[in-house]
Amino acid sequence: MFKDIFRKTKYVTIQAAPIQKRSPSEDGQQKPLIIKKKELPDGLWVKCPKCGEVLFTKNLDENARVCTACEYHFRITARARLGLLVDENSFEEWDAEMLTQDPMEFPGYPDKLVVAQEKSGLLEGVLTGQAKIEGVPVVLAFNEGNFMMGSMGSVVGEKIVRAIERAIELRLPVVIFSTSGGARMQEGILSLYQMAKTSAALGRLAEHHLLYISVLTDPTFGGVTASYASLGDIQIAEPNALIGFTGPRVIKQTMKQELPKGAQTAEFNQEHGLIDLIVGRVQMRSALARLLRYHQEGAKYGASV
Amino acid sequence: MFKDIFRKTKYVTIQAAPIQKRSPSEDGQQKPLIIKKKELPDGLWVKCPKCGEVLFTKNLDENARVCTACEYHFRITARARLGLLVDENSFEEWDAEMLTQDPMEFPGYPDKLVVAQEKSGLLEGVLTGQAKIEGVPVVLAFNEGNFMMGSMGSVVGEKIVRAIERAIELRLPVVIFSTSGGARMQEGILSLYQMAKTSAALGRLAEHHLLYISVLTDPTFGGVTASYASLGDIQIAEPNALIGFTGPRVIKQTMKQELPKGAQTAEFNQEHGLIDLIVGRVQMRSALARLLRYHQEGAKYGASV
Amino acid sequence: MAHLFDFEKPIVEMIQKISDLQKFSEEKGIDLSQQIATLEKKVASLKTEIYGSLEPWQKVQIARHPERPNFYDYAPLLFEDFIELKGDRLFADDRSVAGGIALFHGTVVTVIAQVKGKGTKENIKRNFGMPHPEGYRKAVRLMDQAEKFGRPILTFIDTPGAACDLAAEERGQGEAIARCLQAMAGYHVPVISTVIGEGGSGGALALGVGNVILMLENSFYSVIAPESCASILWKDTTKAKEAAAALKFTAQDLLRLGVADEIVREPQGGAHNNLHQTAEELSQVIAKYLVRLREETPEALREKRYQKLRAIGVFEEAATINLEKGLD
Amino acid sequence: MAHLFDFEKPIVEMIQKISDLQKFSEEKGIDLSQQIATLEKKVASLKTEIYGSLEPWQKVQIARHPERPNFYDYAPLLFEDFIELKGDRLFADDRSVAGGIALFHGTVVTVIAQVKGKGTKENIKRNFGMPHPEGYRKAVRLMDQAEKFGRPILTFIDTPGAACDLAAEERGQGEAIARCLQAMAGYHVPVISTVIGEGGSGGALALGVGNVILMLENSFYSVIAPESCASILWKDTTKAKEAAAALKFTAQDLLRLGVADEIVREPQGGAHNNLHQTAEELSQVIAKYLVRLREETPEALREKRYQKLRAIGVFEEAATINLEKGLD
Ligand SMILES: [Zn+2]
Ligand SMILES: [Zn+2]
């Protein structure tokens, strides 16, 4: 299933202006934006980093890139998640052409953006839009881990806020899949305030009594954990996903504190009361469909599902 | 100061029917209700149980029965608290004539009530009414520790709820001084539900944006801690007061767990985030007056105090 | 009958006698069917007699029966679907409180339940059904969502009481219970609370602020454990039986006192003798009240719940005696 | 000048020279008043030059000055009365966050502030001004009360960042900050946030959702600590100076970027050189904005705060370049 749907949605055509390099050192040298088609892993097999099992790529893809031996969840792209989740041809992408600027003229940022665009096949680190899951309409956002580690800059914040605001207009629930290293340093204070902006928008959604499901995937840290990823009516995590505010390396460096084994996993977070459900990727679609269905407006008491 | 005001309010005249003994074993033997005048301690001196200092009763009374050497707070009666707190002649008592029945026909309850009435000089374990503190009108309730350890039965619950409901009508803040061993066993499930009843009434007060200050005094436990005593917008405790849900003896017996030194004190509770302010009895009146003044309706933003 | 109560012995002895007779009849080829039929009738009437007149202390034993069905036994029978949601978002997930979203007779509801374990290992995990503050905070979190999304709330009470240890004190057990009480009183959705086993004091009450309060036939709901009451009254925990009678905490007492609205029938001898039958009764009674409550407006649901609480308590004022509904 | 920065040395040296000349003049009875006056003028112009063109990294050093006034220094000067209220009601009282009710220019306000300690002992008590989740939860609790009672909210930001240890992770640091952000965005009362020292990333932002955002002249407010940024960019924490310049986090930068609304002047050399003067400036600027905000309706306060947040961010759509206010 995974592979087919993946194929259907993989080759997206992006028609937008490339990032403009503003760094004076590179004046004039505008490098055209190349959206490379991401290939499926071209090897015939891959070794599971958790259990060491050698897996055929075909089998792995067919199992949503979840190890068939130990259920280790390989990281996947935003578009792959989308493909796994939504009803065929139901996805309408929003704000695909929004582009990052370099407001701080931050050293090396334009180059990093170009690399990220090439690596991810996306113009920016989040994919937003509207779709149906088992027939239930929903607004969706997916962080793209291959885009500067899913970090949140102005575009990511703005696209997420717009998606939430449109959900309010359309009276639809929102599901956001997070994968992020946190705020995007290169956009400085503007990046930081995207945390407040997205949290505020979700506050408005809540006032409209609309459902928000946050799905945390490996890894989710920093400014994203400290904003939209933690504000779900329902918090779902993929098994074994690492989730936290401060990364383990930083904790070790600054606090000279070695985290215990299993700290910051989805399971650790659930034990500490922060996660409602741990749902495997293969079961995600049906789990979300049930939850969405039970929160449809007609499902309020007095009516039946 | 303490002594004078105490004298003014000490000799209350209670005109109400005595408790009716309903226990069949004591049929006919109605013991008349005697409200004994509570005498001031008749010795000239008393020894502080904390620091061992020998204190002259007169000095102790003049210091609100707070040890002049170590600030140990001796327990005091509801009426004594009232005297320490409110503007002269400003107190209007409510529901003074409400009497407990014996709905469960609980063994020995009528006798216990008579003893409690004699010991406390009150018909039941709470004193409620309206008064002014430094000119600010307020609704007040005081548990009486000498009445069956300040336990909450139907009358205590009902009087507190009525006081809260009248505060809503009058748009006044509420201050409740708690001292209690918990729910009153002898009234069974009816006693238990007074917790829900008082908590629900405070919920209504909150919806009307009226201030509720809970003052916890030594000791406050059980059903009172698990209801109105914990629901203050502002939680104040007297120094060293013991406050908790389960008493230390029961924890020791059931859990074989010895509490660490200082557990369940006001200071322990403050460290654990449960108490806003620890205020000595001598400073209580002025502290409450400030808080009440800052919450007067005119003090809302746009106006000055 | 793995766990046998003393008061059940006459029944078991007679059943044994029938079994012996059958064996004898088969071995010897003697027709004893008439004698056996007579004895079987006697068993039936003995059961009716014994189980129909259980003393409070005997009900306590049934309510605490190690094989008494807990919430997780009922859930798959009561609900077409149940999605458990975890955590208080603050400190931990308390396993003595289960909560989530369920489909009940086609309606989406929020469910909150206290859960005792079966066996020592599970009991330790679930702290013997005694919630810590995080359990009550999880309950409030999930019930707040029920309010947000307009779902009825079903609570299931089954606890010896709230956790009574240092950790509970440190994290504000009193505050957690009080907030739960206050929150439940304020909701605009239907709330139905059912005591399915032990209803142990404030820890049970925290989930008991319903528009409707139901009790399984052999459950009890008490301000204090009978042992503790005996210890206070007579300095003697072995007098729990007497205390049980004094506390008037059975389903029948609470119905009479106007606190409980209806008693849900259990199979003869207790719910553990027939889980499916108990679940079916429970399902029907809850559904009946849910249908009624769904007729009410949100404001009326809240106001009537408040008035129900408001009316609990017996006292007199001056000469007037205040007799609340349900009290004779 | 107990703590001296390198860039202050020329000033100190010249002051020393003046002192030497004065001593010499007195001892020898020679009139050097003209020379001294000249030097004093030079000191003044040197101060203007040095302090008027501080580099970002120098501002970081002033903002982190061990003697820089903290909230507890300002409180008695800013407020006619301040009643500190403690605790999150859930777990603990976090001493790196102070909160309470204060009288400010005759108006009752709710105050929330991050507090670094002075000296090692106090710093340990206050976790170096790095709040744990309970600090943010206390803030939300107290701000919710401000909303309930219609009080304006003043927040004071001064933290290297939120606590970054296992305990913070266990108790949901991310959740606590996120809730704080969401809560602040929703209030109907005026909210004024002032960065008084360090504004360290998400931990600072948590108190930064104001209708008005003010910054002391030598404060900074950054998405990441300059040392960490240098470590990521150049694998070299000693390049913090370069990182500080790249991050554009000074008060002047934030004013230009449209995030900060006004800069509160500090005495020459930094707030630690004159607490009273700084407090007076701070008081006047906050009061000015409070008067303005009090003109607004509750709905407008909330809506304008949302729109202020909404406008933060720079991006382009297709050919249209979105230029937000304040950005040139
Ligand atoms: Zn594997
Ligand atoms: Zn003493």
# chains A, B, ... in the order shown; residues from 1 in each chain; ligands from 1
call {"tool": "residues_around", "arguments": {"residues": "Leu211 (chain B)", "least_positions_apart": "4", "cutoff": "10 Å", "atoms": "only C-alpha atoms", "output": "list of chain:residue names"}}
result
B:Val138, B:Ala167, B:Arg171, B:Leu172, B:Pro173, B:Val174, B:Val175, B:Leu202, B:Leu205, B:Ala206, B:Gly232, B:Asp233, B:Ile234, B:Leu291, B:Leu292, B:His295, B:Gln296, B:Glu297, D:Gln145, D:Lys148, D:Phe149
call {"tool": "residues_near_ligand", "arguments": {"ligand": "ligand 2", "cutoff": "9 Å", "atoms": "only C-alpha atoms and all ligand atoms", "output": "list in words"}}
result
Lys47, Cys48, Pro49, Lys50, Cys51, Gly52, Glu53, Val54, Leu55, Val66, Cys67, Thr68, Ala69, Cys70, Glu71, Tyr72 and His73 of chain B
call {"tool": "closest_atom_pairs", "arguments": {"of": "chain A", "to": "chain D", "cutoff": "7 Å", "atoms": "only C-alpha atoms", "output": "tab-separated table"}}
result
residue	atom	partner	partner_atom	distance
A:Ala16	CA	D:Ala318	CA	5.9
A:Ala17	CA	D:Ala318	CA	6.2
A:Glu97	CA	D:Ala318	CA	5.8
A:Met98	CA	D:Glu317	CA	4.5
A:Leu99	CA	D:Glu316	CA	5.1
A:Thr100	CA	D:Phe315	CA	4.8
A:Gln101	CA	D:Phe315	CA	5.2
A:Pro103	CA	D:Val314	CA	6.6
A:Met104	CA	D:Lys248	CA	6.8
A:Phe106	CA	D:Ala246	CA	5.9
A:Ser154	CA	D:Gly313	CA	4.6
A:Val155	CA	D:Phe315	CA	6.2
A:Met185	CA	D:Val223	CA	6.1
A:Gly188	CA	D:Val223	CA	5.3
A:Ile189	CA	D:Val223	CA	5.4
A:Leu190	CA	D:Gly313	CA	5.3
A:Leu192	CA	D:Val223	CA	5.3
A:Tyr193	CA	D:Ile312	CA	6.9
A:Ala196	CA	D:Leu181	CA	5.5
A:Lys197	CA	D:Leu309	CA	5.4
A:Ser199	CA	D:Gln182	CA	5.0
A:Ala200	CA	D:Gln182	CA	5.0
A:Gly203	CA	D:Gln182	CA	5.8
A:Gly223	CA	D:Gly202	CA	6.4
A:Thr225	CA	D:Gly174	CA	5.0
A:Ala226	CA	D:Gly174	CA	3.8
A:Ser227	CA	D:Ala178	CA	4.3
A:Ser230	CA	D:Glu175	CA	5.1
A:Leu231	CA	D:Ala178	CA	6.8
A:Gly244	CA	D:Glu169	CA	6.2
A:Phe245	CA	D:Gly174	CA	5.2
A:Thr246	CA	D:Cys164	CA	5.7
A:Ile251	CA	D:Asp165	CA	5.9
A:Met255	CA	D:Asp165	CA	6.6
A:Leu259	CA	D:Leu166	CA	6.7
A:His272	CA	D:Glu170	CA	6.0
A:Leu274	CA	D:Gly172	CA	6.8
call {"tool": "atom_distance", "arguments": {"atom1": "CA of Val140 (chain C)", "atom2": "CA of Val250 (chain B)"}}
result
27.1 Å
call {"tool": "atom_distance", "arguments": {"atom1": "CA of Val224 (chain B)", "atom2": "CA of Gly199 (chain C)"}}
result
18.3 Å
call {"tool": "closest_residue", "arguments": {"among": "D:Lys235, D:Lys23, D:Arg294, D:Arg89", "to": "chain C", "atoms": "only C-alpha atoms"}}
result
D:Arg89
call {"tool": "closest_residue", "arguments": {"among": "A:Leu44, A:Leu60, A:Leu84, A:Leu127", "to": "ligand 1", "atoms": "only C-alpha atoms and all ligand atoms"}}
result
A:Leu60
call {"tool": "residues_around", "arguments": {"residues": "Ala64 (chain B)", "least_positions_apart": "3", "cutoff": "9 Å", "atoms": "only C-alpha atoms", "output": "number ranges by chain"}}
result
B: 1-3, 59-61, 67, 73-74, 76, 80-81, 84, 281-282
call {"tool": "atom_distance", "arguments": {"atom1": "CA of Ile213 (chain B)", "atom2": "CA of Ile157 (chain D)"}}
result
28.9 Å
call {"tool": "select_by_dssp", "arguments": {"residues": "region 82-123 of chain B", "states": "helix (DSSP H, G or I)", "output": "list in words"}}
result
Leu82, Gly83, Leu84, Leu85, Tyr109, Pro110, Asp111, Lys112, Leu113, Val114, Val115, Ala116, Gln117, Glu118, Lys119 and Ser120 of chain B
call {"tool": "write_last_selection", "arguments": {"atoms": "C-alpha atoms", "output": "mmCIF file, in the first residue's frame"}}
result
data_model
loop_
_atom_site.group_PDB
_atom_site.id
_atom_site.type_symbol
_atom_site.label_atom_id
_atom_site.label_comp_id
_atom_site.auth_asym_id
_atom_site.auth_seq_id
_atom_site.Cartn_x
_atom_site.Cartn_y
_atom_site.Cartn_z
ATOM 1 C CA LEU B 82 -13.758 36.562 64.051
ATOM 2 C CA GLY B 83 -12.872 38.982 66.824
ATOM 3 C CA LEU B 84 -9.308 39.343 65.577
ATOM 4 C CA LEU B 85 -10.389 40.019 62.060
ATOM 5 C CA TYR B 109 -23.962 10.718 67.524
ATOM 6 C CA PRO B 110 -26.503 12.708 69.543
ATOM 7 C CA ASP B 111 -24.312 12.496 72.623
ATOM 8 C CA LYS B 112 -21.292 13.608 70.664
ATOM 9 C CA LEU B 113 -23.224 16.586 69.368
ATOM 10 C CA VAL B 114 -24.207 17.674 72.839
ATOM 11 C CA VAL B 115 -20.622 17.389 74.033
ATOM 12 C CA ALA B 116 -19.437 19.346 71.008
ATOM 13 C CA GLN B 117 -22.003 22.060 71.597
ATOM 14 C CA GLU B 118 -20.948 22.340 75.208
ATOM 15 C CA LYS B 119 -17.277 22.378 74.350
ATOM 16 C CA SER B 120 -17.545 24.916 71.537
#
call {"tool": "closest_residue", "arguments": {"among": "C:Phe91, C:Trp234, C:Phe220, C:Phe156", "to": "chain D", "atoms": "only C-alpha atoms"}}
result
C:Phe91
call {"tool": "residues_around", "arguments": {"residues": "Pro219 (chain A)", "least_positions_apart": "4", "cutoff": "7 Å", "atoms": "only C-alpha atoms", "output": "ChimeraX atom specification"}}
result
/A:179-180,241-243
call {"tool": "residues_around", "arguments": {"residues": "Leu77 (chain D)", "least_positions_apart": "2", "cutoff": "9 Å", "atoms": "only C-alpha atoms", "output": "CSV table (one decimal) with N, CA and C atoms, in the first residue's frame"}}
result
chain,number,residue,atom,x,y,z
D,73,ASP,N,15.0,43.7,42.5
D,73,ASP,CA,15.5,45.0,42.7
D,73,ASP,C,14.5,46.1,42.2
D,74,TYR,N,13.9,45.8,41.1
D,74,TYR,CA,13.0,46.8,40.6
D,74,TYR,C,11.7,46.8,41.3
D,75,ALA,N,11.2,45.7,41.8
D,75,ALA,CA,9.8,45.6,42.4
D,75,ALA,C,9.5,46.7,43.4
D,79,PHE,N,6.6,49.4,42.2
D,79,PHE,CA,5.2,49.2,42.7
D,79,PHE,C,5.0,49.9,44.1
D,80,GLU,N,3.8,50.4,44.3
D,80,GLU,CA,3.5,50.9,45.6
D,80,GLU,C,3.3,49.8,46.6
D,276,HIS,N,18.0,53.1,40.4
D,276,HIS,CA,16.8,54.0,40.6
D,276,HIS,C,16.4,54.7,39.3
D,279,ALA,N,14.8,52.1,37.0
D,279,ALA,CA,13.5,51.8,37.4
D,279,ALA,C,12.5,52.9,37.1
D,280,GLU,N,13.0,54.2,37.2
D,280,GLU,CA,12.1,55.3,36.9
D,280,GLU,C,11.8,55.3,35.4
D,283,SER,N,9.4,52.5,34.7
D,283,SER,CA,8.1,52.9,35.3
D,283,SER,C,7.3,53.8,34.3
call {"tool": "residues_around", "arguments": {"residues": "Arg95 (chain D)", "least_positions_apart": "3", "cutoff": "7 Å", "atoms": "only C-alpha atoms", "output": "NGL selection string"}}
result
:D and (98 or 125-126)
call {"tool": "write_last_selection", "arguments": {"atoms": "all heavy atoms", "output": "PDB file, in the first residue's frame"}}
result
ATOM      1  N   ALA D  98       8.809  34.678  39.690  1.00  0.00           N
ATOM      2  CA  ALA D  98       8.059  35.352  40.750  1.00  0.00           C
ATOM      3  C   ALA D  98       6.752  35.852  40.163  1.00  0.00           C
ATOM      4  O   ALA D  98       6.714  36.260  39.006  1.00  0.00           O
ATOM      5  CB  ALA D  98       8.861  36.534  41.292  1.00  0.00           C
ATOM      6  N   LYS D 125      19.367  28.345  44.122  1.00  0.00           N
ATOM      7  CA  LYS D 125      17.963  28.357  44.559  1.00  0.00           C
ATOM      8  C   LYS D 125      17.038  28.711  43.392  1.00  0.00           C
ATOM      9  O   LYS D 125      15.965  28.136  43.244  1.00  0.00           O
ATOM     10  CB  LYS D 125      17.826  29.382  45.685  1.00  0.00           C
ATOM     11  CG  LYS D 125      16.455  29.520  46.272  1.00  0.00           C
ATOM     12  CD  LYS D 125      16.493  30.489  47.468  1.00  0.00           C
ATOM     13  CE  LYS D 125      15.231  31.326  47.531  1.00  0.00           C
ATOM     14  NZ  LYS D 125      15.332  32.397  48.531  1.00  0.00           N
ATOM     15  N   ARG D 126      17.470  29.653  42.576  1.00  0.00           N
ATOM     16  CA  ARG D 126      16.624  30.108  41.472  1.00  0.00           C
ATOM     17  C   ARG D 126      16.995  29.438  40.152  1.00  0.00           C
ATOM     18  O   ARG D 126      16.575  29.896  39.082  1.00  0.00           O
ATOM     19  CB  ARG D 126      16.735  31.631  41.306  1.00  0.00           C
ATOM     20  CG  ARG D 126      16.436  32.384  42.574  1.00  0.00           C
ATOM     21  CD  ARG D 126      16.015  33.808  42.356  1.00  0.00           C
ATOM     22  NE  ARG D 126      15.826  34.486  43.634  1.00  0.00           N
ATOM     23  CZ  ARG D 126      14.760  34.319  44.413  1.00  0.00           C
ATOM     24  NH1 ARG D 126      13.768  33.543  44.015  1.00  0.00           N
ATOM     25  NH2 ARG D 126      14.675  34.933  45.573  1.00  0.00           N
TER      26      ARG D 126
END
call {"tool": "decode", "arguments": {"residues": "region 249-262 of chain C", "atoms": "C-alpha atoms", "output": "PDB file, in the first residue's frame"}}
result
ATOM      1  CA  PHE C 249     -23.665   2.768  52.661  1.00  0.00           C
ATOM      2  CA  THR C 250     -25.291   0.049  50.603  1.00  0.00           C
ATOM      3  CA  ALA C 251     -26.978   0.749  47.277  1.00  0.00           C
ATOM      4  CA  GLN C 252     -30.310   0.248  49.012  1.00  0.00           C
ATOM      5  CA  ASP C 253     -29.425   2.797  51.714  1.00  0.00           C
ATOM      6  CA  LEU C 254     -28.300   5.370  49.178  1.00  0.00           C
ATOM      7  CA  LEU C 255     -31.455   4.928  47.141  1.00  0.00           C
ATOM      8  CA  ARG C 256     -33.490   5.520  50.287  1.00  0.00           C
ATOM      9  CA  LEU C 257     -31.379   8.565  51.192  1.00  0.00           C
ATOM     10  CA  GLY C 258     -32.008  10.077  47.773  1.00  0.00           C
ATOM     11  CA  VAL C 259     -28.346  10.029  46.758  1.00  0.00           C
ATOM     12  CA  ALA C 260     -28.542   7.086  44.354  1.00  0.00           C
ATOM     13  CA  ASP C 261     -31.098   7.227  41.562  1.00  0.00           C
ATOM     14  CA  GLU C 262     -31.347   3.566  40.705  1.00  0.00           C
TER      15      GLU C 262
END
